[in-house]
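Data from input-v6.txt: compact mmCIF, C-alpha atoms
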```txt
# COMPACT_ATOMS: atom_id res chain seq x y z
CA MET A 1 23.94 0.28 -50.91
CA LYS A 2 24.98 -2.85 -49.11
CA THR A 3 22.38 -5.11 -47.52
CA ALA A 4 22.71 -7.05 -44.27
CA ILE A 5 20.70 -9.71 -42.48
CA VAL A 6 20.97 -9.78 -38.69
CA THR A 7 19.47 -12.91 -37.17
CA GLY A 8 18.07 -12.45 -33.69
CA GLY A 9 18.20 -8.73 -34.41
CA ALA A 10 15.31 -7.45 -32.32
CA LYS A 11 17.08 -6.99 -28.99
CA GLY A 12 20.37 -7.22 -27.10
CA ILE A 13 23.53 -7.59 -29.16
CA GLY A 14 21.50 -8.10 -32.33
CA ALA A 15 19.61 -4.82 -31.91
CA ALA A 16 22.85 -2.91 -31.28
CA ILE A 17 24.29 -4.38 -34.48
CA VAL A 18 21.15 -3.46 -36.42
CA GLU A 19 21.28 0.15 -35.22
CA THR A 20 24.99 0.49 -35.98
CA LEU A 21 24.68 -0.88 -39.52
CA ALA A 22 21.49 0.98 -40.36
CA LYS A 23 23.11 4.27 -39.38
CA GLU A 24 25.99 3.43 -41.75
CA ASN A 25 23.59 3.59 -44.69
CA ILE A 26 23.26 -0.19 -44.94
CA ASN A 27 19.91 -1.83 -45.72
CA VAL A 28 19.13 -4.13 -42.79
CA VAL A 29 16.67 -6.98 -42.41
CA ILE A 30 15.90 -7.56 -38.73
CA ASN A 31 15.16 -11.23 -38.20
CA TYR A 32 13.20 -12.30 -35.13
CA LYS A 33 11.43 -15.44 -33.94
CA ASN A 34 9.43 -14.43 -30.86
CA SER A 35 10.29 -10.76 -30.29
CA LYS A 36 7.82 -9.20 -32.71
CA GLU A 37 7.05 -6.17 -30.55
CA GLU A 38 10.74 -5.35 -30.07
CA ALA A 39 11.40 -5.79 -33.80
CA GLU A 40 8.56 -3.45 -34.74
CA LYS A 41 9.69 -0.79 -32.26
CA LEU A 42 13.27 -0.98 -33.54
CA LYS A 43 12.08 -0.70 -37.15
CA GLU A 44 9.95 2.35 -36.32
CA LYS A 45 12.80 4.00 -34.42
CA LEU A 46 15.26 3.57 -37.27
CA GLU A 47 12.82 4.55 -40.00
CA ASN A 48 12.27 7.79 -38.10
CA GLN A 49 16.00 8.33 -38.57
CA ASN A 50 15.69 7.73 -42.33
CA CYS A 51 17.24 4.27 -42.20
CA ASN A 52 16.25 1.44 -44.55
CA VAL A 53 15.14 -1.51 -42.40
CA GLU A 54 12.65 -4.34 -42.67
CA ILE A 55 11.61 -7.06 -40.25
CA PHE A 56 11.03 -10.73 -40.97
CA LYS A 57 9.89 -13.52 -38.68
CA ALA A 58 11.78 -16.77 -39.13
CA ASP A 59 13.04 -19.61 -36.97
CA VAL A 60 16.46 -19.91 -38.57
CA SER A 61 17.07 -23.25 -36.85
CA LYS A 62 14.81 -24.60 -39.61
CA ARG A 63 16.16 -24.75 -43.15
CA GLU A 64 12.91 -23.76 -44.87
CA GLU A 65 12.48 -20.65 -42.72
CA ALA A 66 16.10 -19.65 -43.27
CA ILE A 67 15.48 -19.91 -47.02
CA ASN A 68 12.37 -17.74 -46.68
CA LEU A 69 14.37 -15.08 -44.83
CA VAL A 70 17.08 -14.98 -47.49
CA ASN A 71 14.54 -14.92 -50.33
CA PHE A 72 12.65 -12.06 -48.66
CA THR A 73 15.86 -10.06 -48.35
CA ILE A 74 16.82 -10.61 -51.97
CA LYS A 75 13.30 -9.74 -53.15
CA THR A 76 13.29 -6.57 -51.02
CA PHE A 77 16.85 -5.29 -51.50
CA GLY A 78 18.24 -7.29 -54.42
CA LYS A 79 21.08 -9.17 -52.71
CA VAL A 80 22.74 -10.07 -49.40
CA ASP A 81 26.19 -8.54 -48.88
CA ILE A 82 26.52 -9.09 -45.13
CA LEU A 83 25.28 -11.86 -42.85
CA ILE A 84 25.40 -11.53 -39.07
CA ASN A 85 24.64 -14.88 -37.45
CA ASN A 86 23.57 -13.69 -34.01
CA ALA A 87 20.47 -15.75 -33.14
CA GLY A 88 20.92 -18.20 -30.30
CA ILE A 89 19.75 -19.56 -26.97
CA SER A 90 21.40 -20.46 -23.67
CA GLN A 91 20.65 -22.85 -20.84
CA ILE A 92 22.32 -23.57 -17.51
CA LYS A 93 22.11 -27.24 -16.63
CA LEU A 94 24.32 -29.94 -15.14
CA PHE A 95 25.84 -32.13 -17.82
CA THR A 96 24.23 -35.23 -16.31
CA ASP A 97 20.80 -33.57 -16.53
CA ILE A 98 21.02 -32.52 -20.19
CA THR A 99 18.39 -34.42 -22.15
CA ASP A 100 18.50 -35.37 -25.81
CA LYS A 101 15.91 -32.66 -26.40
CA ASP A 102 18.08 -30.05 -24.62
CA TRP A 103 21.14 -31.09 -26.61
CA ASN A 104 19.41 -31.12 -29.99
CA ASN A 105 17.63 -27.84 -29.29
CA MET A 106 20.90 -26.14 -28.37
CA LEU A 107 22.76 -27.36 -31.44
CA SER A 108 19.82 -26.59 -33.71
CA ASN A 109 19.38 -23.00 -32.53
CA ASN A 110 23.05 -22.09 -32.07
CA LEU A 111 24.90 -24.09 -34.74
CA ASN A 112 22.51 -25.47 -37.34
CA SER A 113 21.07 -21.98 -37.77
CA VAL A 114 24.52 -20.67 -38.73
CA PHE A 115 24.97 -23.53 -41.19
CA TYR A 116 21.59 -22.97 -42.85
CA MET A 117 21.82 -19.19 -43.09
CA THR A 118 25.40 -19.18 -44.30
CA GLN A 119 24.84 -21.87 -46.90
CA GLU A 120 21.86 -19.98 -48.32
CA VAL A 121 23.49 -16.53 -48.57
CA VAL A 122 26.90 -17.69 -49.70
CA LYS A 123 25.62 -18.86 -53.08
CA GLY A 124 25.01 -15.29 -54.21
CA MET A 125 28.21 -14.05 -52.58
CA ILE A 126 30.29 -16.56 -54.53
CA SER A 127 28.74 -15.51 -57.84
CA ARG A 128 29.49 -11.84 -57.08
CA LYS A 129 32.94 -12.61 -55.61
CA GLU A 130 32.17 -10.49 -52.55
CA GLY A 131 30.69 -10.93 -49.09
CA CYS A 132 31.12 -10.66 -45.34
CA ILE A 133 29.91 -13.19 -42.78
CA ILE A 134 30.22 -12.53 -39.05
CA ASN A 135 29.25 -15.14 -36.49
CA ILE A 136 28.52 -14.25 -32.87
CA SER A 137 30.16 -16.92 -30.74
CA SER A 138 31.02 -16.77 -27.02
CA ILE A 139 33.90 -16.82 -24.58
CA ASP A 140 32.51 -20.23 -23.58
CA ALA A 141 33.59 -21.56 -26.98
CA VAL A 142 37.17 -20.76 -26.02
CA THR A 143 37.23 -21.60 -22.30
CA GLY A 144 34.26 -23.93 -21.85
CA ALA A 145 31.63 -23.27 -19.18
CA ALA A 146 30.60 -25.57 -16.35
CA CYS A 147 26.86 -26.33 -16.45
CA GLU A 148 26.76 -25.09 -20.04
CA VAL A 149 28.45 -27.95 -21.88
CA HIS A 150 25.94 -28.09 -24.73
CA TYR A 151 26.09 -24.31 -25.15
CA SER A 152 29.91 -24.38 -25.15
CA VAL A 153 29.95 -27.16 -27.73
CA ALA A 154 27.58 -25.31 -30.06
CA LYS A 155 29.56 -22.08 -29.85
CA ALA A 156 32.85 -23.93 -30.37
CA GLY A 157 31.31 -25.43 -33.49
CA ILE A 158 30.63 -21.91 -34.76
CA ASP A 159 34.28 -21.00 -34.35
CA GLY A 160 35.36 -24.16 -36.16
CA LEU A 161 32.98 -23.39 -39.00
CA THR A 162 34.32 -19.83 -39.14
CA LYS A 163 37.94 -20.88 -39.57
CA ALA A 164 37.31 -23.66 -42.07
CA LEU A 165 34.88 -21.66 -44.20
CA ALA A 166 37.19 -18.64 -44.24
CA LYS A 167 39.84 -20.77 -45.93
CA GLU A 168 37.33 -22.19 -48.40
CA LEU A 169 35.84 -18.86 -49.44
CA ALA A 170 38.91 -16.63 -49.41
CA LEU A 171 39.52 -16.94 -53.15
CA SER A 172 35.94 -15.77 -53.69
CA ASN A 173 36.74 -12.59 -51.74
CA ILE A 174 34.35 -13.59 -48.94
CA ARG A 175 35.51 -12.95 -45.40
CA VAL A 176 34.27 -15.05 -42.49
CA ASN A 177 34.97 -14.06 -38.89
CA SER A 178 33.65 -14.73 -35.42
CA ILE A 179 33.23 -12.51 -32.38
CA ALA A 180 33.37 -14.19 -28.97
CA PRO A 181 31.79 -11.89 -26.36
CA GLY A 182 32.41 -12.21 -22.65
CA ILE A 183 29.81 -11.11 -20.13
CA ILE A 184 27.59 -8.60 -21.93
CA ASP A 185 24.72 -6.65 -20.41
CA THR A 186 21.78 -8.39 -22.13
CA THR A 187 18.68 -10.32 -21.11
CA MET A 188 20.46 -13.59 -21.92
CA ASN A 189 22.19 -13.20 -18.54
CA ASP A 190 18.93 -12.80 -16.63
CA ASN A 191 19.20 -16.41 -15.51
CA LEU A 192 22.11 -15.39 -13.28
CA SER A 193 21.29 -14.19 -9.78
CA GLU A 194 22.62 -10.82 -8.68
CA ALA A 195 25.13 -12.59 -6.41
CA ASP A 196 26.33 -14.81 -9.27
CA MET A 197 26.67 -11.79 -11.55
CA ILE A 198 28.77 -9.96 -8.94
CA GLU A 199 31.05 -12.99 -8.58
CA THR A 200 31.37 -13.32 -12.36
CA ILE A 201 32.31 -9.68 -12.82
CA LYS A 202 35.02 -10.10 -10.17
CA GLU A 203 36.73 -12.50 -12.58
CA VAL A 204 36.85 -9.85 -15.30
CA PRO A 205 40.03 -7.71 -15.08
CA MET A 206 38.12 -4.60 -16.15
CA GLN A 207 35.58 -5.29 -13.38
CA LYS A 208 32.51 -4.56 -15.47
CA LYS A 209 30.12 -6.01 -18.01
CA GLY A 210 30.45 -5.18 -21.67
CA LYS A 211 27.73 -3.39 -23.62
CA PRO A 212 25.99 -4.65 -26.77
CA GLU A 213 27.47 -1.62 -28.53
CA ASP A 214 30.97 -2.96 -27.85
CA ILE A 215 30.16 -5.95 -30.05
CA ALA A 216 28.44 -3.80 -32.68
CA LYS A 217 31.56 -1.64 -33.05
CA CYS A 218 33.62 -4.73 -33.82
CA VAL A 219 31.04 -5.87 -36.37
CA LYS A 220 31.30 -2.49 -38.10
CA TRP A 221 35.09 -2.76 -38.24
CA LEU A 222 35.02 -6.30 -39.61
CA ILE A 223 32.67 -5.18 -42.38
CA GLU A 224 34.94 -2.27 -43.31
CA ASP A 225 38.22 -4.20 -43.08
CA GLU A 226 39.19 -6.05 -46.25
CA TYR A 227 42.00 -8.30 -45.03
CA THR A 228 40.79 -9.94 -41.82
CA THR A 229 39.29 -13.41 -42.18
CA GLY A 230 39.14 -16.67 -40.23
CA GLN A 231 39.56 -14.89 -36.90
CA VAL A 232 37.81 -15.35 -33.56
CA ILE A 233 37.91 -11.95 -31.89
CA SER A 234 37.38 -11.99 -28.13
CA ILE A 235 35.71 -8.97 -26.55
CA ASN A 236 35.62 -9.78 -22.87
CA GLY A 237 37.26 -7.13 -20.70
CA GLY A 238 40.34 -9.31 -20.31
CA TRP A 239 38.40 -12.24 -18.89
CA HIS A 240 40.39 -14.63 -21.08
CA ILE A 241 43.90 -13.58 -22.06
```
Translate this structure into structure tokens?
Amino acid sequence: MKTAIVTGGAKGIGAAIVETLAKENINVVINYKNSKEEAEKLKEKLENQNCNVEIFKADVSKREEAINLVNFTIKTFGKVDILINNAGISQIKLFTDITDKDWNNMLSNNLNSVFYMTQEVVKGMISRKEGCIINISSIDAVTGAACEVHYSVAKAGIDGLTKALAKELALSNIRVNSIAPGIIDTTMNDNLSEADMIETIKEVPMQKKGKPEDIAKCVKWLIEDEYTTGQVISINGGWHI
């Protein structure tokens, strides 16, 4: 059986990915930082469906905790075949109001976490000449977002890492891809008012929000496909064409 780590896997897009992979007979470690209750409920739900899942608390924006997560996974399931870098934060703030703390916190949670987790799991993947890494980016990495400059920068960094690392690891049979969601129906968008959400959806040609399951389906395909690497796949209802 293959084994996957899903960072930020307790809710939203992460939880949808966890469910999809677990039901494909993949061992899954659900990483969480604050959402312990959600992680435990998801674990119980999937175990009742005879899936192999574990939960592990770690702040993957910190190198030592990322190492602990990877070591736990290897100790529990023997190896890491698949890494889904999903954990992240968002913040709406005028560029002129972004503090050093805001900036560093955004880059640490959204970009450094990907660097730490990927660097730790890729060692074993290289030795086995096999692996799949999928990074969850954002449409804002492609288009940029007003009042979310630091978020856009961090997500753009993920896409740059994806492309460069895909070239570096291709000869080791390790595929690295990124998924850039548009407006998805998750709690991350709770900071938008109902009026703002309505106006945002008007900009989407399909005139609706995406579902976390839409992203999870793409993750499943990227794991199964053996020839796609270095790609940033946009799932956004036509918002950016």
Inset, instruction - Select, from A:Val60, A:Ala141, A:Ile134, A:Ala146, the residue with the minimum atom-to-atom distance to Ser113 of chain A, counting only C-alpha atoms. - result: A:Val60
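Shortest separation to Cys147 of chain A among A:Ile98, A:Ile198, A:Ala164, A:Ala66 occurs at residue A:Ile98, atoms counted being only C-alpha atoms.
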Enclose segment 181-185 of chain A, meaning all of its atoms listed in the file, in a box aligned along x, y and z, pad it by 8 Å on each side, and list the centre and edge lengths in Å to one decimal, as lines of an AutoDock Vina configuration file.
```
center_x = 28.6
center_y = -9.4
center_z = -23.2
size_x = 23.7
size_y = 21.6
size_z = 22.2
```
Inset, instruction - For atom CA of Ser61 of chain A and atom CA of Trp103 of chain A, quote the distance in Å rounded to one decimal. - result: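 The value is 13.5 Å.
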Give me the segment 137-220 of chain A side of the contact with segment 77-84 of chain A, cut-off 10 Å, one line per residue showing its nearest atom pair and distance in Å at one decimal, counting all atoms listed in the file, sorted by chain and residue number, as JSON lines.
```
{"residue": "A:Ile174", "atom": "CA", "partner": "A:Asp81", "partner_atom": "CA", "distance": 9.6}
{"residue": "A:Arg175", "atom": "CA", "partner": "A:Ile82", "partner_atom": "CA", "distance": 9.8}
{"residue": "A:Val176", "atom": "CA", "partner": "A:Leu83", "partner_atom": "CA", "distance": 9.5}
{"residue": "A:Asn177", "atom": "CA", "partner": "A:Ile84", "partner_atom": "CA", "distance": 9.9}
{"residue": "A:Ser178", "atom": "CA", "partner": "A:Ile84", "partner_atom": "CA", "distance": 9.6}
{"residue": "A:Val219", "atom": "CA", "partner": "A:Ile84", "partner_atom": "CA", "distance": 8.4}
```
Distance table requested - segment 129-229 of chain A against segment 25-39 of chain A, cut-off 12 Å, all atoms listed in the file: one row per qualifying residue with the closest atom pair and its distance in Å to one decimal, ordered by chain and rising residue number, as a Markdown table.
```
| residue | atom | partner | partner_atom | distance |
| --- | --- | --- | --- | --- |
| A:Lys220 | CA | A:Ile26 | CA | 10.8 |
| A:Ile223 | CA | A:Ile26 | CA | 11.0 |
| A:Glu224 | CA | A:Ile26 | CA | 12.0 |
```
Would you mind exporting the chosen residues as a CSV table (one decimal), in the frame of the given file, restricted to C-alpha atoms?
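Saved as result_4.csv:
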```
chain,number,residue,atom,x,y,z
A,220,LYS,CA,31.3,-2.5,-38.1
A,223,ILE,CA,32.7,-5.2,-42.4
A,224,GLU,CA,34.9,-2.3,-43.3
```
When you look at segment 19-21 of chain A with a cut-off of 10 Å (counting all atoms listed in the file), what residues show up, excluding the ones that are within fewer than 2 positions of it in the same chain? I need them as a PDB file with C-alpha atoms, in the frame of the given file.
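Result saved to result.pdb:
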```pdb
ATOM      1  CA  LYS A   2      24.980  -2.850 -49.110  1.00  0.00           C
ATOM      2  CA  THR A   3      22.380  -5.110 -47.520  1.00  0.00           C
ATOM      3  CA  ALA A   4      22.710  -7.050 -44.270  1.00  0.00           C
ATOM      4  CA  VAL A   6      20.970  -9.780 -38.690  1.00  0.00           C
ATOM      5  CA  GLY A   9      18.200  -8.730 -34.410  1.00  0.00           C
ATOM      6  CA  GLY A  14      21.500  -8.100 -32.330  1.00  0.00           C
ATOM      7  CA  ALA A  15      19.610  -4.820 -31.910  1.00  0.00           C
ATOM      8  CA  ALA A  16      22.850  -2.910 -31.280  1.00  0.00           C
ATOM      9  CA  ILE A  17      24.290  -4.380 -34.480  1.00  0.00           C
ATOM     10  CA  LYS A  23      23.110   4.270 -39.380  1.00  0.00           C
ATOM     11  CA  GLU A  24      25.990   3.430 -41.750  1.00  0.00           C
ATOM     12  CA  ASN A  25      23.590   3.590 -44.690  1.00  0.00           C
ATOM     13  CA  ILE A  26      23.260  -0.190 -44.940  1.00  0.00           C
ATOM     14  CA  ASN A  27      19.910  -1.830 -45.720  1.00  0.00           C
ATOM     15  CA  VAL A  28      19.130  -4.130 -42.790  1.00  0.00           C
ATOM     16  CA  LEU A  42      13.270  -0.980 -33.540  1.00  0.00           C
ATOM     17  CA  LYS A  43      12.080  -0.700 -37.150  1.00  0.00           C
ATOM     18  CA  LYS A  45      12.800   4.000 -34.420  1.00  0.00           C
ATOM     19  CA  LEU A  46      15.260   3.570 -37.270  1.00  0.00           C
ATOM     20  CA  CYS A  51      17.240   4.270 -42.200  1.00  0.00           C
ATOM     21  CA  VAL A  53      15.140  -1.510 -42.400  1.00  0.00           C
ATOM     22  CA  GLU A 213      27.470  -1.620 -28.530  1.00  0.00           C
ATOM     23  CA  ALA A 216      28.440  -3.800 -32.680  1.00  0.00           C
ATOM     24  CA  LYS A 217      31.560  -1.640 -33.050  1.00  0.00           C
ATOM     25  CA  VAL A 219      31.040  -5.870 -36.370  1.00  0.00           C
ATOM     26  CA  LYS A 220      31.300  -2.490 -38.100  1.00  0.00           C
ATOM     27  CA  ILE A 223      32.670  -5.180 -42.380  1.00  0.00           C
TER      28      ILE A 223
END
```
Legend entry - Atom pair atom CA of Ala170 of chain A / atom CA of Thr229 of chain A: separation (Å): 7.9 Å
Inset, instruction - Measure the distance from atom CA of Ile184 of chain A to atom CA of Gly210 of chain A in Å and round it to one decimal. - result: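 Between atom CA of Ile184 of chain A and atom CA of Gly210 of chain A the gap works out to 4.5 Å.
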Inset, instruction - Using all atoms listed in the file, determine which residues lie at most 10 Å from Gln207 of chain A, disregarding the query and same-chain residues fewer than 3 positions distant; provide the list as number ranges by chain. - result: A: 198, 200-204, 210, 237-239
Inset, instruction - Just the residues within 6 Å of Lys129 of chain A, please, counting all atoms listed in the file, with nothing from its chain fewer than 3 positions along; format it as a ChimeraX atom specification. - result: /A:125-126,172-173
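If you measure from each of A:Asp59, A:Glu120, A:Asp225, A:Asp159 to Ile139 of chain A using all atoms listed in the file, the closest one turns out to be A:Asp159.
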Legend entry - All residues 10 Å or closer to Ile179 of chain A, all atoms listed in the file, same chain fewer than 4 positions away omitted, as an MDAnalysis selection string: chainID A and resid 86 134:139 159 215:216 218:219 222 231:235
Inset, instruction - Skip Lys93 of chain A itself and residues of its chain fewer than 4 positions away, then list as a list in words all residues within 12 Å of it, counting only C-alpha atoms. - result: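 Near Lys93 of chain A, the qualifying residues are Asp97, Ile98, Thr99, Asp102, Trp103, Met106, Ala145, Ala146, Cys147, Glu148, Val149, His150, Tyr151, Ser152 and Asn191 of chain A.
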Legend entry - Shortest interatomic distance to Gly160 of chain A - which of A:Glu130, A:Leu111, A:Val70, A:Asn236, counting all atoms listed in the file: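 Using all atoms listed in the file, Gly160 of chain A sits closest to A:Leu111.
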